[in-house]
Amino acid sequence: MILLIGGTSETGPLASALAQLGWKVLVSTATDVPLDVGCHPNVAHRSGKLDEEAMAQLISERGVRVVVDASHPYASTVRSTARKVCQLLGVPYVSFVRPPAVEPEDFIRFASDHEHAAAQAFAFGRPVLLTTGSRNLAPYAAQASRTGIDLIVRVLAHPDSVNACLHAGIPKAHILTGRGPFSTQDNRSVIRRFGIGCLVTKDSGIAGGVPEKIEAARLEKCRVVVVGRPDETDETSCSTFDELISMPATLVPDDRVATR
């Protein structure tokens, strides 16, 4: 069995591709946000956060032979936990890392972390659109309070995400909910509606809707601040589907036949 750590738009296609090759796949997501994992009989789904102990127990109880990590490129805690548990249990670990999608341009600035990004975003003196999720809200909320500049946040339509925003002091009228990726027009509409002067994003790759954000900002003469992603590339990482789905067979060649 393969444990596929997911939650991104690639999760369903990856699970289906692995199942069609004969693997049994258990998809694990941290939240109960609806996620299409396909309908192949070899694919199962569980949800809930996993710490090291819980992940180790799950791997042992379900007879997991390979862990495929397709979590978000910025989910460094999840990836670190999976790597550590696999090393302790002697289970092969493979990760999928989306290629970056942002190239340097005059209206784009890069930040080393969220504190740096918040300082840059509010320095332009115009409303800020935050599209990095419901975590790491504190530095942006602090800058909004200090400067008196509006902060608009776009998060998943999930109670935990909305409550995190409210807890950070963000007014309801400034909380937008929905699941991306969003089109260029969707992004342009938000920028126009709130008079956004700077859009803050992560470089989540093409699948994360980043090119559409960049294009919308370009068309609306809006600045962009990109929070740098952690470096997760090493000998265990793949950047294409074909490379990723072929890896398990090289690591446990006899297991796939047993699961057909």
# chains A, B, ... in the order shown; residues from 1 in each chain; ligands from 1

call {"tool": "closest_atom_pairs", "arguments": {"of": "region 101-145 of chain A", "to": "region 207-214 of chain A", "cutoff": "12 Å", "atoms": "only C-alpha atoms", "output": "CSV"}}
result
residue,atom,partner,partner_atom,distance
A:Ala101,CA,A:Pro211,CA,6.8
A:Val102,CA,A:Pro211,CA,7.4
A:Glu103,CA,A:Ile214,CA,9.9
A:Pro104,CA,A:Ile214,CA,11.0
A:Glu105,CA,A:Ile214,CA,10.0
A:Asp106,CA,A:Ile214,CA,11.8
A:Phe107,CA,A:Ile214,CA,9.5
A:Ile108,CA,A:Ile214,CA,8.6
A:Arg109,CA,A:Ile214,CA,11.6
A:Leu129,CA,A:Lys213,CA,10.8
A:Leu130,CA,A:Lys213,CA,11.3
A:Thr131,CA,A:Lys213,CA,9.3
A:Thr132,CA,A:Gly208,CA,10.7
A:Gly133,CA,A:Gly208,CA,12.0

call {"tool": "write_last_selection", "arguments": {"atoms": "N, CA and C atoms", "output": "tab-separated table (two decimals), in the first residue's frame"}}
result
chain	number	residue	atom	x	y	z
A	101	ALA	N	6.72	29.03	-10.34
A	101	ALA	CA	6.04	29.64	-11.48
A	101	ALA	C	6.27	31.14	-11.59
A	102	VAL	N	7.02	31.73	-10.67
A	102	VAL	CA	7.20	33.18	-10.66
A	102	VAL	C	8.61	33.55	-11.12
A	103	GLU	N	8.68	34.41	-12.12
A	103	GLU	CA	9.94	34.95	-12.61
A	103	GLU	C	10.07	36.40	-12.14
A	104	PRO	N	11.28	36.87	-11.89
A	104	PRO	CA	11.47	38.26	-11.45
A	104	PRO	C	10.93	39.26	-12.48
A	105	GLU	N	10.18	40.23	-12.02
A	105	GLU	CA	9.69	41.33	-12.85
A	105	GLU	C	9.69	42.60	-12.01
A	106	ASP	N	9.55	43.74	-12.67
A	106	ASP	CA	9.67	45.02	-11.97
A	106	ASP	C	8.63	45.20	-10.88
A	107	PHE	N	7.41	44.67	-11.09
A	107	PHE	CA	6.36	44.90	-10.12
A	107	PHE	C	6.27	43.79	-9.06
A	108	ILE	N	7.22	42.86	-9.10
A	108	ILE	CA	7.23	41.73	-8.16
A	108	ILE	C	8.42	41.84	-7.21
A	109	ARG	N	8.15	41.68	-5.94
A	109	ARG	CA	9.21	41.62	-4.95
A	109	ARG	C	9.17	40.27	-4.24
A	129	LEU	N	-4.02	42.52	-0.48
A	129	LEU	CA	-4.75	41.27	-0.64
A	129	LEU	C	-3.82	40.11	-0.29
A	130	LEU	N	-4.16	39.37	0.76
A	130	LEU	CA	-3.35	38.25	1.21
A	130	LEU	C	-3.95	36.95	0.71
A	131	THR	N	-3.19	36.19	-0.07
A	131	THR	CA	-3.71	34.95	-0.66
A	131	THR	C	-2.87	33.74	-0.24
A	132	THR	N	-2.27	33.81	0.96
A	132	THR	CA	-1.38	32.74	1.41
A	132	THR	C	-2.04	31.79	2.40
A	133	GLY	N	-3.35	31.92	2.61
A	133	GLY	CA	-4.04	31.01	3.51
A	133	GLY	C	-4.25	31.60	4.89

call {"tool": "residues_around", "arguments": {"residues": "region 14-21 of chain A", "least_positions_apart": "4", "cutoff": "12 Å", "atoms": "only C-alpha atoms", "output": "PyMOL selection string"}}
result
chain A and resi 1-10+25-28+35-45+66+68-71+95-96+240-249+255-260

call {"tool": "residues_around", "arguments": {"residues": "Ala121 (chain A)", "least_positions_apart": "3", "cutoff": "8 Å", "atoms": "only C-alpha atoms", "output": "MDAnalysis selection string"}}
result
chainID A and resid 117:118 124 128 198:200 224:225

call {"tool": "closest_residue", "arguments": {"among": "A:Val226, A:Ile170, A:Leu50, A:Val64", "to": "Trp23 (chain A)", "atoms": "only C-alpha atoms"}}
result
A:Val64

call {"tool": "closest_residue", "arguments": {"among": "A:Arg98, A:Arg223, A:His72, A:Arg179", "to": "His158 (chain A)", "atoms": "only C-alpha atoms"}}
result
A:Arg179

call {"tool": "select_by_dssp", "arguments": {"residues": "region 11-189 of chain A", "states": "strand (DSSP E or B)", "output": "VMD selection string"}}
result
chain A and resid 25 to 29 43 to 47 66 to 69 93 to 96 108 to 111 128 to 130 151 to 155 175 to 177

call {"tool": "write_last_selection", "arguments": {"atoms": "C-alpha atoms", "output": "PDB file, in the first residue's frame"}}
result
ATOM      1  CA  VAL A  25      -3.540   3.968  -2.200  1.00  0.00           C
ATOM      2  CA  LEU A  26      -4.541   5.564   1.095  1.00  0.00           C
ATOM      3  CA  VAL A  27      -4.937   9.316   0.641  1.00  0.00           C
ATOM      4  CA  SER A  28      -4.338  11.303   3.818  1.00  0.00           C
ATOM      5  CA  THR A  29      -5.384  14.951   4.151  1.00  0.00           C
ATOM      6  CA  VAL A  43      -8.187   4.359  -3.442  1.00  0.00           C
ATOM      7  CA  ALA A  44      -9.266   5.102   0.148  1.00  0.00           C
ATOM      8  CA  HIS A  45      -9.276   8.423   2.012  1.00  0.00           C
ATOM      9  CA  ARG A  46      -8.747   9.496   5.624  1.00  0.00           C
ATOM     10  CA  SER A  47      -8.536  12.992   7.106  1.00  0.00           C
ATOM     11  CA  VAL A  66       5.922   3.597   0.403  1.00  0.00           C
ATOM     12  CA  VAL A  67       5.006   7.158   1.411  1.00  0.00           C
ATOM     13  CA  VAL A  68       4.358   9.592  -1.438  1.00  0.00           C
ATOM     14  CA  ASP A  69       4.270  13.177  -0.191  1.00  0.00           C
ATOM     15  CA  TYR A  93       9.775   8.309   1.035  1.00  0.00           C
ATOM     16  CA  VAL A  94       9.141  10.150  -2.230  1.00  0.00           C
ATOM     17  CA  SER A  95       7.999  13.751  -2.554  1.00  0.00           C
ATOM     18  CA  PHE A  96       6.335  15.708  -5.330  1.00  0.00           C
ATOM     19  CA  ILE A 108       7.228  41.730  -8.161  1.00  0.00           C
ATOM     20  CA  ARG A 109       9.206  41.621  -4.947  1.00  0.00           C
ATOM     21  CA  PHE A 110      10.402  38.524  -3.128  1.00  0.00           C
ATOM     22  CA  ALA A 111      10.368  38.050   0.654  1.00  0.00           C
ATOM     23  CA  VAL A 128      -3.272  44.529   0.662  1.00  0.00           C
ATOM     24  CA  LEU A 129      -4.750  41.267  -0.640  1.00  0.00           C
ATOM     25  CA  LEU A 130      -3.347  38.248   1.215  1.00  0.00           C
ATOM     26  CA  LEU A 151      -6.030  43.951   4.790  1.00  0.00           C
ATOM     27  CA  ILE A 152      -8.170  41.650   2.655  1.00  0.00           C
ATOM     28  CA  VAL A 153      -7.651  37.902   3.072  1.00  0.00           C
ATOM     29  CA  ARG A 154      -8.800  35.059   0.835  1.00  0.00           C
ATOM     30  CA  VAL A 155      -9.027  31.671   2.538  1.00  0.00           C
ATOM     31  CA  ILE A 175     -12.601  37.880   4.603  1.00  0.00           C
ATOM     32  CA  LEU A 176     -13.155  36.252   1.206  1.00  0.00           C
ATOM     33  CA  THR A 177     -13.770  32.517   1.025  1.00  0.00           C
TER      34      THR A 177
END

call {"tool": "closest_residue", "arguments": {"among": "A:Thr184, A:Ser189, A:Asn136, A:Thr201", "to": "Cys165 (chain A)", "atoms": "only C-alpha atoms"}}
result
A:Asn136

call {"tool": "atom_distance", "arguments": {"atom1": "CA of Ser161 (chain A)", "atom2": "CA of Ala144 (chain A)"}}
result
18.8 Å

call {"tool": "atom_distance", "arguments": {"atom1": "CA of Ala82 (chain A)", "atom2": "CA of Asp113 (chain A)"}}
result
22.8 Å

call {"tool": "atom_distance", "arguments": {"atom1": "CA of Ile149 (chain A)", "atom2": "CA of Gly228 (chain A)"}}
result
23.6 Å

call {"tool": "residues_around", "arguments": {"residues": "Pro230 (chain A)", "least_positions_apart": "3", "cutoff": "8 Å", "atoms": "only C-alpha atoms", "output": "list of chain:residue names"}}
result
A:Pro73, A:Tyr74, A:Ser76

call {"tool": "write_last_selection", "arguments": {"atoms": "N, CA and C atoms", "output": "mmCIF file, in the first residue's frame"}}
result
data_model
loop_
_atom_site.group_PDB
_atom_site.id
_atom_site.type_symbol
_atom_site.label_atom_id
_atom_site.label_comp_id
_atom_site.auth_asym_id
_atom_site.auth_seq_id
_atom_site.Cartn_x
_atom_site.Cartn_y
_atom_site.Cartn_z
ATOM 1 N N PRO A 73 3.622 22.761 -1.408
ATOM 2 C CA PRO A 73 5.058 23.070 -1.404
ATOM 3 C C PRO A 73 5.521 23.820 -0.161
ATOM 4 N N TYR A 74 4.600 24.527 0.513
ATOM 5 C CA TYR A 74 4.963 25.292 1.706
ATOM 6 C C TYR A 74 4.632 24.553 3.004
ATOM 7 N N SER A 76 5.983 22.720 5.133
ATOM 8 C CA SER A 76 7.286 22.210 5.570
ATOM 9 C C SER A 76 7.180 21.320 6.801
#

call {"tool": "decode", "arguments": {"residues": "region 196-229 of chain A", "atoms": "N, CA and C atoms", "output": "tab-separated table (two decimals), in the first residue's frame"}}
result
chain	number	residue	atom	x	y	z
A	196	ILE	N	-7.04	47.19	-4.38
A	196	ILE	CA	-5.81	46.56	-3.90
A	196	ILE	C	-4.58	47.18	-4.57
A	197	GLY	N	-3.58	47.46	-3.75
A	197	GLY	CA	-2.33	47.99	-4.27
A	197	GLY	C	-1.22	46.97	-4.26
A	198	CYS	N	-1.37	45.93	-3.44
A	198	CYS	CA	-0.35	44.88	-3.37
A	198	CYS	C	-1.01	43.54	-3.08
A	199	LEU	N	-0.65	42.54	-3.85
A	199	LEU	CA	-1.13	41.17	-3.67
A	199	LEU	C	0.01	40.33	-3.12
A	200	VAL	N	-0.24	39.62	-2.04
A	200	VAL	CA	0.77	38.75	-1.44
A	200	VAL	C	0.42	37.30	-1.75
A	201	THR	N	1.39	36.57	-2.26
A	201	THR	CA	1.17	35.18	-2.64
A	201	THR	C	2.37	34.32	-2.31
A	202	LYS	N	2.17	33.03	-2.32
A	202	LYS	CA	3.27	32.08	-2.30
A	202	LYS	C	3.51	31.64	-3.73
A	203	ASP	N	4.70	31.14	-4.01
A	203	ASP	CA	4.94	30.58	-5.34
A	203	ASP	C	4.54	29.11	-5.32
A	204	SER	N	3.22	28.90	-5.39
A	204	SER	CA	2.67	27.55	-5.29
A	204	SER	C	2.64	26.82	-6.63
A	205	GLY	N	3.22	27.41	-7.66
A	205	GLY	CA	3.29	26.76	-8.96
A	205	GLY	C	2.07	27.01	-9.82
A	206	ILE	N	2.11	26.46	-11.02
A	206	ILE	CA	1.03	26.65	-11.98
A	206	ILE	C	-0.28	26.09	-11.43
A	207	ALA	N	-0.23	24.90	-10.80
A	207	ALA	CA	-1.44	24.27	-10.28
A	207	ALA	C	-2.08	25.09	-9.16
A	208	GLY	N	-1.29	25.94	-8.53
A	208	GLY	CA	-1.80	26.76	-7.44
A	208	GLY	C	-2.42	28.07	-7.89
A	209	GLY	N	-2.50	28.27	-9.20
A	209	GLY	CA	-3.13	29.48	-9.71
A	209	GLY	C	-2.27	30.72	-9.63
A	210	VAL	N	-0.96	30.55	-9.48
A	210	VAL	CA	-0.08	31.71	-9.35
A	210	VAL	C	0.02	32.53	-10.63
A	211	PRO	N	0.16	31.93	-11.81
A	211	PRO	CA	0.23	32.74	-13.04
A	211	PRO	C	-0.98	33.66	-13.21
A	212	GLU	N	-2.17	33.18	-12.81
A	212	GLU	CA	-3.38	33.99	-12.93
A	212	GLU	C	-3.33	35.19	-11.97
A	213	LYS	N	-2.76	34.98	-10.79
A	213	LYS	CA	-2.61	36.10	-9.85
A	213	LYS	C	-1.65	37.15	-10.42
A	214	ILE	N	-0.53	36.66	-10.94
A	214	ILE	CA	0.48	37.57	-11.48
A	214	ILE	C	-0.07	38.36	-12.65
A	215	GLU	N	-0.80	37.69	-13.54
A	215	GLU	CA	-1.36	38.36	-14.71
A	215	GLU	C	-2.41	39.39	-14.29
A	216	ALA	N	-3.24	39.05	-13.32
A	216	ALA	CA	-4.25	39.98	-12.83
A	216	ALA	C	-3.59	41.22	-12.24
A	217	ALA	N	-2.54	41.02	-11.47
A	217	ALA	CA	-1.83	42.15	-10.87
A	217	ALA	C	-1.19	43.02	-11.95
A	218	ARG	N	-0.63	42.39	-12.96
A	218	ARG	CA	-0.02	43.13	-14.06
A	218	ARG	C	-1.05	44.03	-14.76
A	219	LEU	N	-2.20	43.44	-15.05
A	219	LEU	CA	-3.24	44.17	-15.77
A	219	LEU	C	-3.84	45.31	-14.94
A	220	GLU	N	-3.87	45.11	-13.62
A	220	GLU	CA	-4.47	46.12	-12.74
A	220	GLU	C	-3.43	47.07	-12.14
A	221	LYS	N	-2.18	46.96	-12.61
A	221	LYS	CA	-1.10	47.84	-12.11
A	221	LYS	C	-0.95	47.69	-10.59
A	222	CYS	N	-0.97	46.45	-10.16
A	222	CYS	CA	-0.90	46.11	-8.74
A	222	CYS	C	0.45	45.48	-8.44
A	223	ARG	N	1.04	45.82	-7.33
A	223	ARG	CA	2.31	45.22	-6.91
A	223	ARG	C	2.08	43.79	-6.41
A	224	VAL	N	3.13	42.98	-6.42
A	224	VAL	CA	3.07	41.61	-5.92
A	224	VAL	C	4.26	41.36	-5.00
A	225	VAL	N	3.99	40.73	-3.86
A	225	VAL	CA	5.05	40.26	-2.98
A	225	VAL	C	4.94	38.74	-2.89
A	226	VAL	N	6.02	38.05	-3.17
A	226	VAL	CA	6.03	36.59	-3.17
A	226	VAL	C	6.82	36.09	-1.96
A	227	VAL	N	6.18	35.28	-1.13
A	227	VAL	CA	6.86	34.68	0.01
A	227	VAL	C	7.66	33.49	-0.48
A	228	GLY	N	8.95	33.49	-0.21
A	228	GLY	CA	9.81	32.41	-0.69
A	228	GLY	C	9.41	31.06	-0.14
A	229	ARG	N	9.56	30.03	-0.95
A	229	ARG	CA	9.21	28.68	-0.52
A	229	ARG	C	10.41	27.99	0.11
